[in-house]
Amino acid sequence: MIRLLFVFCWAFVVVMLLMVVVPFLRRQRDLLTTWNLFLLGSACFVGLSGIGTTSYPNRLVQQTRADYLWFLSGVITFYFTLWLTYNYFKWPRRVAARRLRKWPKMNSSVLLVLMPLCLVMSIGIILPPQIQGLGQVVANVGKYGSVYGTVFMLVLWIRQPLNPLYVFLLAGVSFYSFGLSMVGGSGRREMVAVLAAFPTVLYWMRYRYASRAKTLSIVVALGVISIVVLNAYSTIRHTREARSLMTAVRLIQELPKHLTDTTGMAQMLGQDAVDVSLLSIHVYQTERWEGFDVSPFHTVSYVLVNPIPRAFWENKPEALGHALPRDTNLWTGGENWGPGIVGHGFHEGGLHMLVFYAILAGAALRFFDELLIRQPNNPYLLGMLATCTGQIVAWPRGDIAVFTMQMVGAIFGGFFLAAIARIFSGKGVEYTRTDHLVG
């Protein structure tokens with residue numbers, strides 16, 4: 001079974017990469033979309049993670065043949081349903097044609113006025129209000145304020161690349177946003193959002209219609225730079241306990257020393273998602289451990305009740321990635337595991353739950369991508385894509401409930417900024433249904 005898993009995971013990686021590159025080269029699909037980000041994350045946290053599992057099998061529990069067969073069945077079930085939904089379910093495209101077409105003005109004056117608000121929002125992660133519920137919301141939404149500021153400045157710079165004021169502001173806001181991604185216990189996904197702002201805006205506003213070779217080269221180059229920076233940060237991000245702006249400055253100063261250090265790469269490429277998925281299958285499906293009952297729609301329940309502070313509801317649903325290591329007595333220090341999509345599916349009942357989540361995910365990805373295709377110069381949508389990039393890539397790893405809530409907070413930040421802009425600028429831009437362009 002180990003050999004079968006090894007071959008399957010390598011084939012899975014190849015298929016995911018081909019599904020990204022081939023449609024782009026054939027001019028059938030855009031490159032920087034939520035769909036492609038999800039596929040790249042899947043190649044990493046399903047494919048590469050599974051390959052890593054074959055090197056150290058039975059790391060968490062003695063696996064059975066059934067565990068592996070259920071895992072392979074879960075992957076095939078989820079991704080086949082996801083592909084069908086994204087490509088053939090027409091409802092998301094129809095909704096995108098009718099909804100979210102009216103936006104506030106997006107001229108230079110409006111975006112410059114929003115800049116201070118973006119920076120004020122970002123302070124929420126440093127000084128959240130000490131009020132149960134409100135403090136968590138302000139921190140989760142506010143931490144992406146600086147990323148929206150970076151996106152807005154990139155839009156202004158692309159419009160006027162020789163304007164020295166825009167160059168200066170872009171450099172300052174980008175540095176601030178990068179430093180802030182290291183504050184308040186932030187993980188790599190917050191830094192991914194900052195780094196993603198650059199290829200996102202450059203692709204959709206400048207290189208979308210350039211030659212495929214040029215566009216792919218630029219995006220890959222920016223991606224490699226981002227991976228190198230993330231690898232360096234992964235190496236040092238746990239070396240300092242206190243997280244403040246001064247700590248962030250010191251971490252930035254240390255980054256160049258670790259750019260060629262590969263010790264942090266293992267934390268990014270695959271991690272242990274497949275190991276935990278197999279554990280979840282073993283516990284909830286094949287062996288059915290006593291006290292480990294399946295919990296249908298657990299992720300949905302977690303997302304719906306998440307705004308209620310745990311201080312007011314002690315037994316509020318927990319994330320599977322937090323509960324599983326503790327309940328299996330494999331806890332070694334407060335870990336938050338990534339159970340993988342398949343692990344979540346079997347925790348919630350099996351293959352039919354994977355079909356359910358595949359339909360939800362496929363419809364959501366298609367809806368947002370359709371908005372991007374119709375509104376490629378919309379800075380609010382570009383900001384949403386950048387802020388959610390890390391969560392989308394990591395979603396196949398899980399915890400999917402936690403990452404979904406992070407995406408909700410990031411998207412809410414974009415609508416909040418648009419609502420503020422609408423107050424003083426009105427609804428100045430309306431995209432019609434004929435704006436739909438094929439990438």
# chains A, B, ... in the order shown; residues from 1 in each chain; ligands from 1

call {"tool": "residues_around", "arguments": {"residues": "Ala361 (chain A)", "least_positions_apart": "3", "cutoff": "9 Å", "atoms": "only C-alpha atoms", "output": "list in words"}}
result
Leu82, Thr85, Tyr86, Phe356, Tyr357, Ala358, Ala364, Leu365 and Arg366 of chain A

call {"tool": "residues_around", "arguments": {"residues": "Gly145 (chain A)", "least_positions_apart": "5", "cutoff": "12 Å", "atoms": "only C-alpha atoms", "output": "PyMOL selection string"}}
result
chain A and resi 114-125+138-140+150-152+173-174+176-178+180-181+190+193-194+380+383-384+386-387+409-417

call {"tool": "atom_distance", "arguments": {"atom1": "CA of Tyr56 (chain A)", "atom2": "CA of Val192 (chain A)"}}
result
28.7 Å

call {"tool": "residues_around", "arguments": {"residues": "Thr404 (chain A)", "least_positions_apart": "2", "cutoff": "10 Å", "atoms": "only C-alpha atoms", "output": "PyMOL selection string"}}
result
chain A and resi 299-300+302-303+388+391-392+395+398-402+406-410

call {"tool": "residues_around", "arguments": {"residues": "Gly345 (chain A)", "least_positions_apart": "2", "cutoff": "12 Å", "atoms": "only C-alpha atoms", "output": "ChimeraX atom specification"}}
result
/A:70-71,73-75,77-78,277-278,280-281,284-285,294-299,320,339-343,347-358,396,398-401

call {"tool": "select_by_dssp", "arguments": {"residues": "region 295-324 of chain A", "states": "alpha helix (DSSP H)", "output": "list of chain:residue names"}}
result
A:His298, A:Thr299, A:Val300, A:Ser301, A:Tyr302, A:Val303, A:Leu304, A:Val305, A:Leu320, A:Gly321, A:His322, A:Ala323, A:Leu324

call {"tool": "atom_distance", "arguments": {"atom1": "CA of Ala11 (chain A)", "atom2": "CA of Asp275 (chain A)"}}
result
18.4 Å

call {"tool": "closest_residue", "arguments": {"among": "A:Leu279, A:Leu382, A:Leu304, A:Met106", "to": "Ala421 (chain A)", "atoms": "only C-alpha atoms"}}
result
A:Met106

call {"tool": "atom_distance", "arguments": {"atom1": "CA of Phe198 (chain A)", "atom2": "CA of Val228 (chain A)"}}
result
15.4 Å

call {"tool": "residues_around", "arguments": {"residues": "Arg208 (chain A)", "least_positions_apart": "4", "cutoff": "9 Å", "atoms": "only C-alpha atoms", "output": "PyMOL selection string"}}
result
chain A and resi 30-31+202-204+212+215+439

call {"tool": "write_last_selection", "arguments": {"atoms": "N, CA and C atoms", "output": "compact mmCIF listing (two decimals), in the first residue's frame"}}
result
# COMPACT_ATOMS: atom_id res chain seq x y z
N ASP A 30 -7.44 31.92 -17.02
CA ASP A 30 -6.45 32.84 -16.45
C ASP A 30 -5.52 32.09 -15.52
N LEU A 31 -4.39 32.73 -15.21
CA LEU A 31 -3.36 32.08 -14.41
C LEU A 31 -3.58 32.26 -12.91
N LEU A 202 -0.10 42.86 -10.56
CA LEU A 202 0.64 42.93 -11.82
C LEU A 202 0.00 42.05 -12.89
N TYR A 203 -0.46 40.87 -12.49
CA TYR A 203 -1.07 39.99 -13.49
C TYR A 203 -2.37 40.56 -14.01
N TRP A 204 -3.30 40.88 -13.11
CA TRP A 204 -4.64 41.26 -13.54
C TRP A 204 -4.70 42.64 -14.18
N ARG A 212 2.12 34.54 -23.20
CA ARG A 212 2.03 33.53 -22.14
C ARG A 212 3.39 33.28 -21.51
N THR A 215 4.31 36.28 -19.21
CA THR A 215 3.47 36.30 -18.01
C THR A 215 3.87 35.20 -17.04
N GLY A 439 -9.97 34.81 -20.46
CA GLY A 439 -8.53 34.98 -20.31
C GLY A 439 -7.78 34.22 -21.38

call {"tool": "closest_residue", "arguments": {"among": "A:Arg27, A:Arg99, A:Arg3, A:Arg65", "to": "Gln375 (chain A)", "atoms": "only C-alpha atoms"}}
result
A:Arg99

call {"tool": "closest_residue", "arguments": {"among": "A:Leu216, A:Pro379, A:Ser301, A:Met19", "to": "Lys316 (chain A)", "atoms": "only C-alpha atoms"}}
result
A:Ser301

call {"tool": "closest_residue", "arguments": {"among": "A:Ile423, A:Leu39, A:Leu371, A:Ala319", "to": "Val95 (chain A)", "atoms": "only C-alpha atoms"}}
result
A:Leu371
